[in-house]
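Below is the file my_file15.pdb, which contains PDB, C-alpha atoms, pLDDT in the B column.
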```pdb
ATOM      1  CA  MET A 150       0.000   0.000   0.000  1.00 91.00           C
ATOM      2  CA  SER A 151       1.150   3.522  -0.712  1.00 97.00           C
ATOM      3  CA  SER A 152       1.479   6.098   2.073  1.00 97.00           C
ATOM      4  CA  LYS A 153      -1.679   7.774   0.772  1.00 98.00           C
ATOM      5  CA  ASP A 154      -3.610   4.490   0.854  1.00 98.00           C
ATOM      6  CA  ILE A 155      -2.387   3.762   4.390  1.00 98.00           C
ATOM      7  CA  VAL A 156      -3.429   7.157   5.723  1.00 98.00           C
ATOM      8  CA  LEU A 157      -6.829   7.061   4.038  1.00 98.00           C
ATOM      9  CA  LYS A 158      -7.507   3.544   5.334  1.00 98.00           C
ATOM     10  CA  ALA A 159      -6.306   4.367   8.849  1.00 97.00           C
ATOM     11  CA  ALA A 160      -8.167   7.680   9.034  1.00 97.00           C
ATOM     12  CA  GLY A 161     -11.325   6.020   7.719  1.00 97.00           C
ATOM     13  CA  GLU A 162     -11.257   3.377  10.431  1.00 97.00           C
ATOM     14  CA  LEU A 163     -10.236   5.776  13.207  1.00 96.00           C
ATOM     15  CA  PHE A 164     -12.434   8.771  12.430  1.00 95.00           C
ATOM     16  CA  GLY A 165     -15.000   7.370   9.999  1.00 94.00           C
ATOM     17  CA  ASP A 166     -15.799   4.124  11.799  1.00 95.00           C
ATOM     18  CA  ARG A 167     -14.737   5.595  15.167  1.00 95.00           C
ATOM     19  CA  ASP A 168     -12.980   2.304  15.899  1.00 96.00           C
ATOM     20  CA  PRO A 169     -10.444   2.496  18.775  1.00 97.00           C
ATOM     21  CA  GLY A 170      -9.144  -0.918  17.710  1.00 97.00           C
ATOM     22  CA  ALA A 171      -7.786   0.639  14.527  1.00 97.00           C
ATOM     23  CA  VAL A 172      -5.018   2.108  16.677  1.00 98.00           C
ATOM     24  CA  ASP A 173      -3.541  -1.401  17.026  1.00 97.00           C
ATOM     25  CA  ARG A 174      -3.617  -1.929  13.252  1.00 97.00           C
ATOM     26  CA  TRP A 175      -2.290   1.398  12.056  1.00 98.00           C
ATOM     27  CA  VAL A 176      -0.440   3.377  14.744  1.00 98.00           C
ATOM     28  CA  ALA A 177       3.238   3.021  15.643  1.00 98.00           C
ATOM     29  CA  ALA A 178       4.255   2.409  19.247  1.00 97.00           C
ATOM     30  CA  GLY A 179       6.304   5.620  19.253  1.00 97.00           C
ATOM     31  CA  TYR A 180       3.526   7.766  17.733  1.00 97.00           C
ATOM     32  CA  ARG A 181       4.415  11.464  18.097  1.00 97.00           C
ATOM     33  CA  GLN A 182       1.554  13.906  18.378  1.00 96.00           C
ATOM     34  CA  HIS A 183       1.755  17.626  17.590  1.00 94.00           C
ATOM     35  CA  SER A 184      -1.948  18.336  17.989  1.00 90.00           C
ATOM     36  CA  SER A 185      -3.292  20.255  20.962  1.00 85.00           C
ATOM     37  CA  LEU A 186      -6.072  17.646  21.210  1.00 85.00           C
ATOM     38  CA  ALA A 187      -4.032  14.671  22.424  1.00 90.00           C
ATOM     39  CA  ALA A 188      -0.759  13.587  23.994  1.00 94.00           C
ATOM     40  CA  ASP A 189       1.903  11.369  22.435  1.00 95.00           C
ATOM     41  CA  GLY A 190       1.449   7.648  22.007  1.00 97.00           C
ATOM     42  CA  PRO A 191      -1.176   5.199  20.750  1.00 97.00           C
ATOM     43  CA  GLU A 192      -3.159   5.145  23.991  1.00 97.00           C
ATOM     44  CA  ALA A 193      -3.874   8.873  23.887  1.00 96.00           C
ATOM     45  CA  LEU A 194      -5.168   8.497  20.323  1.00 96.00           C
ATOM     46  CA  ARG A 195      -7.221   5.483  21.369  1.00 97.00           C
ATOM     47  CA  ALA A 196      -8.849   7.555  24.129  1.00 96.00           C
ATOM     48  CA  LEU A 197      -9.569  10.388  21.680  1.00 95.00           C
ATOM     49  CA  VAL A 198     -11.260   8.043  19.202  1.00 96.00           C
ATOM     50  CA  ALA A 199     -13.203   6.242  21.933  1.00 96.00           C
ATOM     51  CA  GLY A 200     -14.548   9.575  23.154  1.00 95.00           C
ATOM     52  CA  LEU A 201     -15.850  10.807  19.791  1.00 94.00           C
ATOM     53  CA  PRO A 202     -19.600  11.539  19.852  1.00 93.00           C
ATOM     54  CA  GLY A 203     -22.051   9.488  17.827  1.00 91.00           C
ATOM     55  CA  ASP A 204     -22.699  12.332  15.385  1.00 92.00           C
ATOM     56  CA  PHE A 205     -19.003  12.864  14.681  1.00 95.00           C
ATOM     57  CA  ARG A 206     -18.001  12.718  11.019  1.00 95.00           C
ATOM     58  CA  TYR A 207     -15.232  13.865   8.707  1.00 96.00           C
ATOM     59  CA  GLU A 208     -15.881  15.363   5.279  1.00 96.00           C
ATOM     60  CA  GLY A 209     -12.745  15.084   3.151  1.00 97.00           C
ATOM     61  CA  ALA A 210     -11.906  17.644   0.483  1.00 98.00           C
ATOM     62  CA  ARG A 211      -8.453  16.655  -0.825  1.00 98.00           C
ATOM     63  CA  VAL A 212      -5.387  14.515  -0.113  1.00 98.00           C
ATOM     64  CA  ILE A 213      -1.748  15.246  -0.961  1.00 98.00           C
ATOM     65  CA  ALA A 214       0.973  12.601  -0.735  1.00 98.00           C
ATOM     66  CA  ASP A 215       4.683  13.413  -0.785  1.00 98.00           C
ATOM     67  CA  GLY A 216       6.922  10.481   0.102  1.00 97.00           C
ATOM     68  CA  ASP A 217       6.215   9.467   3.686  1.00 98.00           C
ATOM     69  CA  LEU A 218       4.084  12.590   4.319  1.00 98.00           C
ATOM     70  CA  VAL A 219       0.352  12.661   3.596  1.00 98.00           C
ATOM     71  CA  ALA A 220      -1.819  15.744   4.107  1.00 98.00           C
ATOM     72  CA  LEU A 221      -5.603  15.714   4.464  1.00 98.00           C
ATOM     73  CA  HIS A 222      -7.783  18.799   3.984  1.00 98.00           C
ATOM     74  CA  GLY A 223     -11.398  18.626   5.084  1.00 98.00           C
ATOM     75  CA  THR A 224     -14.025  19.416   7.697  1.00 98.00           C
ATOM     76  CA  TYR A 225     -14.707  17.809  11.065  1.00 97.00           C
ATOM     77  CA  HIS A 226     -18.270  17.764  12.346  1.00 96.00           C
ATOM     78  CA  GLY A 227     -18.843  16.999  16.025  1.00 92.00           C
ATOM     79  CA  PHE A 228     -15.536  18.051  17.571  1.00 87.00           C
ATOM     80  CA  GLY A 229     -17.318  21.099  19.009  1.00 84.00           C
ATOM     81  CA  PRO A 230     -20.376  23.298  18.619  1.00 90.00           C
ATOM     82  CA  VAL A 231     -19.414  24.337  15.063  1.00 94.00           C
ATOM     83  CA  PRO A 232     -17.760  22.398  12.215  1.00 97.00           C
ATOM     84  CA  LEU A 233     -13.997  22.818  11.945  1.00 97.00           C
ATOM     85  CA  VAL A 234     -11.954  23.111   8.754  1.00 98.00           C
ATOM     86  CA  ALA A 235      -8.733  21.163   9.219  1.00 97.00           C
ATOM     87  CA  PHE A 236      -5.396  20.297   7.757  1.00 98.00           C
ATOM     88  CA  ASP A 237      -3.944  17.024   9.056  1.00 97.00           C
ATOM     89  CA  LEU A 238      -0.429  15.917   8.202  1.00 98.00           C
ATOM     90  CA  PHE A 239       0.737  12.351   8.871  1.00 98.00           C
ATOM     91  CA  ARG A 240       4.159  10.754   8.582  1.00 98.00           C
ATOM     92  CA  VAL A 241       4.102   7.067   7.697  1.00 98.00           C
ATOM     93  CA  ASP A 242       7.025   4.924   8.871  1.00 98.00           C
ATOM     94  CA  ALA A 243       8.825   2.128   7.016  1.00 97.00           C
ATOM     95  CA  GLU A 244       6.459  -0.451   8.550  1.00 97.00           C
ATOM     96  CA  GLY A 245       3.422   1.302   7.094  1.00 97.00           C
ATOM     97  CA  ARG A 246       2.190   2.761  10.373  1.00 98.00           C
ATOM     98  CA  LEU A 247       1.249   6.281  11.382  1.00 98.00           C
ATOM     99  CA  ALA A 248       4.325   7.593  13.169  1.00 98.00           C
ATOM    100  CA  GLU A 249       3.671  11.331  13.548  1.00 98.00           C
ATOM    101  CA  HIS A 250       0.812  13.816  13.209  1.00 98.00           C
ATOM    102  CA  TRP A 251       0.397  17.586  12.949  1.00 97.00           C
ATOM    103  CA  ASP A 252      -2.839  19.537  12.520  1.00 96.00           C
ATOM    104  CA  ALA A 253      -4.511  22.942  12.399  1.00 96.00           C
ATOM    105  CA  LEU A 254      -8.213  23.682  12.805  1.00 96.00           C
ATOM    106  CA  THR A 255     -10.436  26.730  12.362  1.00 97.00           C
ATOM    107  CA  PRO A 256     -14.225  27.229  12.479  1.00 97.00           C
ATOM    108  CA  VAL A 257     -16.261  27.035   9.290  1.00 98.00           C
ATOM    109  CA  VAL A 258     -17.373  30.480   8.086  1.00 97.00           C
ATOM    110  CA  ALA A 259     -20.648  30.439   6.167  1.00 93.00           C
ATOM    111  CA  ASP A 260     -20.464  33.939   4.644  1.00 96.00           C
ATOM    112  CA  THR A 261     -17.053  34.409   3.013  1.00 97.00           C
ATOM    113  CA  ALA A 262     -15.686  37.443   1.174  1.00 97.00           C
ATOM    114  CA  SER A 263     -15.166  35.513  -2.068  1.00 97.00           C
ATOM    115  CA  GLY A 264     -18.370  33.502  -1.916  1.00 97.00           C
ATOM    116  CA  ARG A 265     -16.240  30.362  -1.969  1.00 97.00           C
ATOM    117  CA  SER A 266     -16.177  27.910   0.908  1.00 98.00           C
ATOM    118  CA  GLN A 267     -12.991  27.176   2.845  1.00 98.00           C
ATOM    119  CA  THR A 268     -12.674  23.754   1.200  1.00 98.00           C
ATOM    120  CA  ASP A 269     -14.373  23.782  -2.218  1.00 97.00           C
ATOM    121  CA  GLY A 270     -12.494  23.742  -5.513  1.00 97.00           C
ATOM    122  CA  PRO A 271     -10.460  21.068  -7.336  1.00 96.00           C
ATOM    123  CA  SER A 272     -10.068  18.007  -5.143  1.00 95.00           C
ATOM    124  CA  ALA A 273      -7.464  15.805  -6.816  1.00 96.00           C
ATOM    125  CA  PRO A 274      -3.876  16.798  -7.654  1.00 97.00           C
ATOM    126  CA  SER A 275      -3.075  17.080 -11.355  1.00 97.00           C
ATOM    127  CA  ASP A 276       0.101  17.564 -13.436  1.00 96.00           C
ATOM    128  CA  PRO A 277       2.238  15.066 -11.463  1.00 97.00           C
ATOM    129  CA  ASP A 278       5.239  15.766 -13.680  1.00 98.00           C
ATOM    130  CA  ARG A 279       5.224  19.378 -12.436  1.00 98.00           C
ATOM    131  CA  THR A 280       5.525  18.487  -8.742  1.00 98.00           C
ATOM    132  CA  GLU A 281       9.131  19.582  -8.261  1.00 98.00           C
ATOM    133  CA  ALA A 282       8.789  22.726 -10.356  1.00 98.00           C
ATOM    134  CA  ASN A 283       5.693  23.734  -8.383  1.00 98.00           C
ATOM    135  CA  ARG A 284       7.407  22.950  -5.083  1.00 98.00           C
ATOM    136  CA  ALA A 285      10.338  25.161  -6.092  1.00 98.00           C
ATOM    137  CA  LEU A 286       8.028  28.013  -7.111  1.00 98.00           C
ATOM    138  CA  VAL A 287       6.142  27.981  -3.812  1.00 98.00           C
ATOM    139  CA  ALA A 288       9.363  27.606  -1.809  1.00 98.00           C
ATOM    140  CA  GLU A 289      10.842  30.686  -3.494  1.00 98.00           C
ATOM    141  CA  PHE A 290       7.566  32.596  -3.043  1.00 98.00           C
ATOM    142  CA  ALA A 291       7.560  31.686   0.647  1.00 98.00           C
ATOM    143  CA  GLN A 292      11.088  32.931   1.227  1.00 98.00           C
ATOM    144  CA  LYS A 293      10.913  36.116  -0.855  1.00 97.00           C
ATOM    145  CA  VAL A 294       7.324  37.240  -0.276  1.00 97.00           C
ATOM    146  CA  LEU A 295       6.012  35.609   2.910  1.00 97.00           C
ATOM    147  CA  VAL A 296       9.162  35.527   5.037  1.00 97.00           C
ATOM    148  CA  GLY A 297      11.052  38.299   3.221  1.00 96.00           C
ATOM    149  CA  ALA A 298       7.950  40.530   2.900  1.00 94.00           C
ATOM    150  CA  ASP A 299       9.015  41.679  -0.579  1.00 95.00           C
ATOM    151  CA  TYR A 300       5.614  42.307  -2.150  1.00 92.00           C
ATOM    152  CA  SER A 301       7.155  44.027  -5.166  1.00 94.00           C
ATOM    153  CA  VAL A 302       7.714  40.579  -6.711  1.00 96.00           C
ATOM    154  CA  LEU A 303       4.225  39.253  -5.908  1.00 95.00           C
ATOM    155  CA  THR A 304       3.185  38.982  -9.555  1.00 96.00           C
ATOM    156  CA  ASP A 305       6.236  36.832 -10.278  1.00 97.00           C
ATOM    157  CA  TYR A 306       4.473  34.104  -8.312  1.00 98.00           C
ATOM    158  CA  ILE A 307       0.707  34.821  -8.210  1.00 98.00           C
ATOM    159  CA  SER A 308      -1.386  35.034 -11.360  1.00 97.00           C
ATOM    160  CA  THR A 309      -2.804  38.438 -12.185  1.00 96.00           C
ATOM    161  CA  ASP A 310      -5.579  36.773 -14.222  1.00 95.00           C
ATOM    162  CA  THR A 311      -6.900  34.106 -11.840  1.00 96.00           C
ATOM    163  CA  TYR A 312      -6.401  33.959  -8.085  1.00 98.00           C
ATOM    164  CA  ARG A 313      -9.228  32.088  -6.365  1.00 98.00           C
ATOM    165  CA  GLN A 314      -9.311  32.732  -2.657  1.00 98.00           C
ATOM    166  CA  HIS A 315     -10.714  30.472   0.085  1.00 98.00           C
ATOM    167  CA  ASN A 316      -9.578  32.485   3.096  1.00 98.00           C
ATOM    168  CA  PRO A 317     -12.986  33.591   4.424  1.00 97.00           C
ATOM    169  CA  GLU A 318     -11.920  37.228   4.876  1.00 97.00           C
ATOM    170  CA  ALA A 319     -10.325  37.795   1.449  1.00 97.00           C
ATOM    171  CA  ALA A 320     -12.005  38.243  -1.920  1.00 97.00           C
ATOM    172  CA  ASP A 321     -10.663  36.769  -5.150  1.00 97.00           C
ATOM    173  CA  GLY A 322      -7.725  38.331  -6.963  1.00 96.00           C
ATOM    174  CA  LEU A 323      -4.674  40.241  -5.816  1.00 94.00           C
ATOM    175  CA  ASP A 324      -6.851  43.278  -5.098  1.00 94.00           C
ATOM    176  CA  GLY A 325      -8.996  41.149  -2.793  1.00 94.00           C
ATOM    177  CA  PHE A 326      -5.951  39.913  -0.930  1.00 93.00           C
ATOM    178  CA  GLY A 327      -4.505  43.430  -0.690  1.00 92.00           C
ATOM    179  CA  ALA A 328      -7.738  44.828   0.742  1.00 94.00           C
ATOM    180  CA  ALA A 329      -7.910  42.052   3.322  1.00 94.00           C
ATOM    181  CA  ALA A 330      -4.263  42.559   4.310  1.00 92.00           C
ATOM    182  CA  ALA A 331      -4.904  46.294   4.789  1.00 92.00           C
ATOM    183  CA  ARG A 332      -7.884  45.572   7.066  1.00 95.00           C
ATOM    184  CA  TRP A 333      -5.860  43.085   9.074  1.00 94.00           C
ATOM    185  CA  ALA A 334      -3.054  45.613   9.521  1.00 92.00           C
ATOM    186  CA  GLU A 335      -5.549  48.201  10.810  1.00 94.00           C
ATOM    187  CA  GLN A 336      -6.657  45.605  13.362  1.00 95.00           C
ATOM    188  CA  GLY A 337      -3.072  44.921  14.467  1.00 93.00           C
ATOM    189  CA  ARG A 338      -2.995  41.584  12.638  1.00 94.00           C
ATOM    190  CA  ASN A 339      -0.052  41.900  10.291  1.00 93.00           C
ATOM    191  CA  LEU A 340       0.859  38.786   8.310  1.00 94.00           C
ATOM    192  CA  VAL A 341       4.308  37.917   9.646  1.00 96.00           C
ATOM    193  CA  TYR A 342       5.950  34.662   8.572  1.00 97.00           C
ATOM    194  CA  ARG A 343       9.037  33.657  10.559  1.00 97.00           C
ATOM    195  CA  THR A 344       9.854  30.078   9.592  1.00 97.00           C
ATOM    196  CA  VAL A 345       8.762  27.617   6.932  1.00 97.00           C
ATOM    197  CA  HIS A 346       8.822  24.119   8.405  1.00 97.00           C
ATOM    198  CA  ARG A 347       7.523  21.822   5.662  1.00 97.00           C
ATOM    199  CA  ILE A 348       6.503  21.872   2.030  1.00 98.00           C
ATOM    200  CA  VAL A 349       4.314  18.978   0.903  1.00 98.00           C
ATOM    201  CA  ALA A 350       3.741  18.805  -2.849  1.00 98.00           C
ATOM    202  CA  GLU A 351       1.887  16.570  -5.265  1.00 98.00           C
ATOM    203  CA  GLY A 352       1.327  17.789  -8.794  1.00 98.00           C
ATOM    204  CA  ASP A 353      -0.315  21.201  -8.848  1.00 98.00           C
ATOM    205  CA  LEU A 354      -1.046  21.257  -5.086  1.00 98.00           C
ATOM    206  CA  VAL A 355       1.594  22.526  -2.661  1.00 98.00           C
ATOM    207  CA  LEU A 356       1.046  22.763   1.108  1.00 98.00           C
ATOM    208  CA  LEU A 357       3.186  25.112   3.170  1.00 98.00           C
ATOM    209  CA  GLN A 358       3.427  24.662   6.958  1.00 98.00           C
ATOM    210  CA  SER A 359       4.892  27.736   8.656  1.00 97.00           C
ATOM    211  CA  GLU A 360       4.903  29.744  11.852  1.00 96.00           C
ATOM    212  CA  GLY A 361       4.813  33.442  12.612  1.00 97.00           C
ATOM    213  CA  GLU A 362       2.506  36.094  14.018  1.00 96.00           C
ATOM    214  CA  PHE A 363      -0.955  37.304  13.104  1.00 96.00           C
ATOM    215  CA  GLY A 364      -1.524  39.596  16.064  1.00 94.00           C
ATOM    216  CA  VAL A 365      -0.600  36.567  18.205  1.00 95.00           C
ATOM    217  CA  PRO A 366       1.777  33.631  17.550  1.00 96.00           C
ATOM    218  CA  VAL A 367       0.203  31.377  14.932  1.00 96.00           C
ATOM    219  CA  ALA A 368       0.723  28.316  12.783  1.00 96.00           C
ATOM    220  CA  TYR A 369       0.136  29.069   9.104  1.00 97.00           C
ATOM    221  CA  TRP A 370      -1.078  26.268   6.848  1.00 98.00           C
ATOM    222  CA  ASP A 371      -1.303  27.511   3.241  1.00 98.00           C
ATOM    223  CA  LEU A 372      -2.358  25.297   0.356  1.00 98.00           C
ATOM    224  CA  PHE A 373      -1.639  26.613  -3.126  1.00 98.00           C
ATOM    225  CA  ARG A 374      -2.707  25.388  -6.558  1.00 98.00           C
ATOM    226  CA  VAL A 375      -0.230  26.200  -9.305  1.00 98.00           C
ATOM    227  CA  ALA A 376      -0.961  26.416 -13.038  1.00 98.00           C
ATOM    228  CA  ASP A 377       1.383  27.531 -15.809  1.00 97.00           C
ATOM    229  CA  GLY A 378       4.042  28.645 -13.366  1.00 97.00           C
ATOM    230  CA  ARG A 379       1.825  30.858 -11.207  1.00 98.00           C
ATOM    231  CA  ILE A 380      -0.251  30.393  -8.062  1.00 98.00           C
ATOM    232  CA  VAL A 381      -3.924  30.465  -9.059  1.00 98.00           C
ATOM    233  CA  GLU A 382      -5.753  29.295  -5.919  1.00 98.00           C
ATOM    234  CA  HIS A 383      -5.281  29.413  -2.147  1.00 98.00           C
ATOM    235  CA  TRP A 384      -6.784  27.696   0.878  1.00 98.00           C
ATOM    236  CA  ASP A 385      -5.557  28.204   4.440  1.00 98.00           C
ATOM    237  CA  VAL A 386      -5.930  27.695   8.159  1.00 98.00           C
ATOM    238  CA  ILE A 387      -4.372  30.208  10.549  1.00 97.00           C
ATOM    239  CA  ALA A 388      -4.319  28.646  13.999  1.00 94.00           C
ATOM    240  CA  PRO A 389      -3.223  30.376  17.229  1.00 92.00           C
ATOM    241  CA  VAL A 390      -0.407  28.545  18.965  1.00 88.00           C
ATOM    242  CA  PRO A 391      -1.552  27.336  22.417  1.00 76.00           C
ATOM    243  CA  ALA A 392       0.531  28.546  25.329  1.00 66.00           C
ATOM    244  CA  GLU A 393       0.775  24.987  26.656  1.00 58.00           C
ATOM    245  CA  LEU A 394       0.395  21.647  24.887  1.00 51.00           C
ATOM    246  CA  PRO A 395      -0.280  18.204  26.423  1.00 47.00           C
ATOM    247  CA  HIS A 396       3.082  16.926  25.129  1.00 47.00           C
ATOM    248  CA  SER A 397       6.634  18.110  24.588  1.00 43.00           C
ATOM    249  CA  ASN A 398       6.888  18.133  20.805  1.00 54.00           C
ATOM    250  CA  GLY A 399       5.425  21.559  20.024  1.00 66.00           C
ATOM    251  CA  LEU A 400       3.280  22.228  16.966  1.00 72.00           C
ATOM    252  CA  PHE A 401       5.997  21.759  14.382  1.00 76.00           C
TER     253      PHE A 401
END
```

As a first step, turn the structure in this file into structure tokens.
Amino acid sequence: MSSKDIVLKAAGELFGDRDPGAVDRWVAAGYRQHSSLAADGPEALRALVAGLPGDFRYEGARVIADGDLVALHGTYHGFGPVPLVAFDLFRVDAEGRLAEHWDALTPVVADTASGRSQTDGPSAPSDPDRTEANRALVAEFAQKVLVGADYSVLTDYISTDTYRQHNPEAADGLDGFGAAAARWAEQGRNLVYRTVHRIVAEGDLVLLQSEGEFGVPVAYWDLFRVADGRIVEHWDVIAPVPAELPHSNGLF
């Protein structure tokens, strides 16, 4: 089984079937957890799954596989009073077991600036032969524009013709992003990227996991779709970093 198949099968049994026994089949003994929802180890995950409510469900939007890393993008229903949009990232070990997990969650927003939902759009990666070129483009964009804050080169990386936006506060296009960024700055929420931790790429989809500040310390999860050498679509989750986590691994 591929890493993608393993993660989809394991996640389906754990969070679709809500089967605590799936931990024994799919989770490594040294499972490392970076989520604020659980501690390290299989038993903490088993307790989380066992405690899921009967109306809990996961609605998947897309999956990206990159070697031993597999990212899921979708919506959890039943974790709390409102549905939560989530990115989950799993590392699969050489024995085909889930060895490590990171995540970021944010509430679903019904009325978005673009009229798009936080998860709609193309679901499956395309252009597999462009994976490395797209990874390189987003990596350079991240360093020059996001971390380096050089917005003069923005159009070298983002299409001026098509830029579909799924951040609930930003409208489509570069003008939509610029207007949102100006509002955020007025509110004391400047987009500050400090460190890029991981880039997960498959075909035209590239996921960037970073940290920085957005008024408070945050984890940035940005998913980009690339076409013809430019970024044409963007989904994200911006998650505040908890002051204390139930484990020692941090969020990254």

Of A:Ser185, A:Thr304, A:Gln358, A:Thr309, the one sitting nearest Phe373 of chain A when using only C-alpha atoms is A:Gln358

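Note that atom CA of Leu194 of chain A and atom CA of Val172 of chain A are 7.4 Å apart.
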
Written as a PyMOL selection string, what is the full residue list that the PyMOL selection byres ((chain A and resi 229-238) around 9) yields on the file shown? chain A and resi 218-228+239-240+249-257+267-268+370+385-386

Find, counting all atoms listed in the file, the residue in A:Gly209, A:Gly297, A:Gly165, A:Pro317 that gets nearest to Tyr342 of chain A. A:Gly297

Please provide as a list in words all residues within 10 Å of Phe290 of chain A, with the sequence filter that same-chain residues fewer than 3 positions apart are discarded (counting all atoms listed in the file). Arg284, Ala285, Leu286, Val287, Lys293, Val294, Leu295, Val296, Gly297, Ala298, Asp299, Tyr300, Val302, Leu303, Asp305, Tyr306, Ile307 and Ile380 of chain A

Of the residues A:Arg338, A:Arg246, A:His346, A:Arg374, which is the one nearest to Pro271 of chain A, using only C-alpha atoms?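 For Pro271 of chain A, the nearest of the given residues is A:Arg374.
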
What does segment 328-343 of chain A look like written to a file with N, CA, C and O atoms, as a short mmCIF file (atom, residue, chain, number, x, y, z; two decimals), in the first residue's frame?
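Wrote it out as part16.cif, contents follow:
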```cif
data_model
loop_
_atom_site.label_atom_id
_atom_site.label_comp_id
_atom_site.auth_asym_id
_atom_site.auth_seq_id
_atom_site.Cartn_x
_atom_site.Cartn_y
_atom_site.Cartn_z
N ALA A 328 -6.75 44.16 -0.11
CA ALA A 328 -7.74 44.83 0.74
C ALA A 328 -7.86 44.13 2.09
O ALA A 328 -7.96 44.77 3.14
N ALA A 329 -7.83 42.80 2.07
CA ALA A 329 -7.91 42.05 3.32
C ALA A 329 -6.67 42.32 4.18
O ALA A 329 -6.79 42.53 5.40
N ALA A 330 -5.49 42.32 3.56
CA ALA A 330 -4.26 42.56 4.31
C ALA A 330 -4.27 43.95 4.95
O ALA A 330 -3.78 44.14 6.07
N ALA A 331 -4.82 44.93 4.25
CA ALA A 331 -4.90 46.29 4.79
C ALA A 331 -5.83 46.33 6.00
O ALA A 331 -5.53 46.99 7.01
N ARG A 332 -6.97 45.63 5.92
CA ARG A 332 -7.88 45.57 7.07
C ARG A 332 -7.23 44.89 8.25
O ARG A 332 -7.35 45.34 9.39
N TRP A 333 -6.52 43.80 7.98
CA TRP A 333 -5.86 43.08 9.07
C TRP A 333 -4.82 43.97 9.75
O TRP A 333 -4.69 43.97 10.97
N ALA A 334 -4.07 44.73 8.95
CA ALA A 334 -3.05 45.61 9.52
C ALA A 334 -3.69 46.68 10.41
O ALA A 334 -3.16 47.01 11.47
N GLU A 335 -4.85 47.21 9.99
CA GLU A 335 -5.55 48.20 10.81
C GLU A 335 -6.00 47.61 12.14
O GLU A 335 -6.10 48.31 13.15
N GLN A 336 -6.23 46.30 12.15
CA GLN A 336 -6.66 45.60 13.36
C GLN A 336 -5.48 45.10 14.19
O GLN A 336 -5.67 44.42 15.21
N GLY A 337 -4.26 45.40 13.75
CA GLY A 337 -3.07 44.92 14.47
C GLY A 337 -2.73 43.48 14.16
O GLY A 337 -2.02 42.83 14.92
N ARG A 338 -3.25 42.98 13.03
CA ARG A 338 -3.00 41.58 12.64
C ARG A 338 -2.17 41.57 11.35
O ARG A 338 -2.67 41.21 10.29
N ASN A 339 -0.93 41.95 11.45
CA ASN A 339 -0.05 41.90 10.29
C ASN A 339 0.36 40.46 10.01
O ASN A 339 0.60 39.68 10.93
N LEU A 340 0.42 40.12 8.72
CA LEU A 340 0.86 38.79 8.31
C LEU A 340 2.38 38.72 8.41
O LEU A 340 3.09 39.28 7.57
N VAL A 341 2.87 38.05 9.43
CA VAL A 341 4.31 37.92 9.65
C VAL A 341 4.67 36.43 9.63
O VAL A 341 4.19 35.67 10.47
N TYR A 342 5.46 36.04 8.66
CA TYR A 342 5.95 34.66 8.57
C TYR A 342 7.39 34.64 9.07
O TYR A 342 8.23 35.40 8.57
N ARG A 343 7.67 33.77 10.01
CA ARG A 343 9.04 33.66 10.56
C ARG A 343 9.81 32.47 9.97
O ARG A 343 10.96 32.61 9.57
#
```
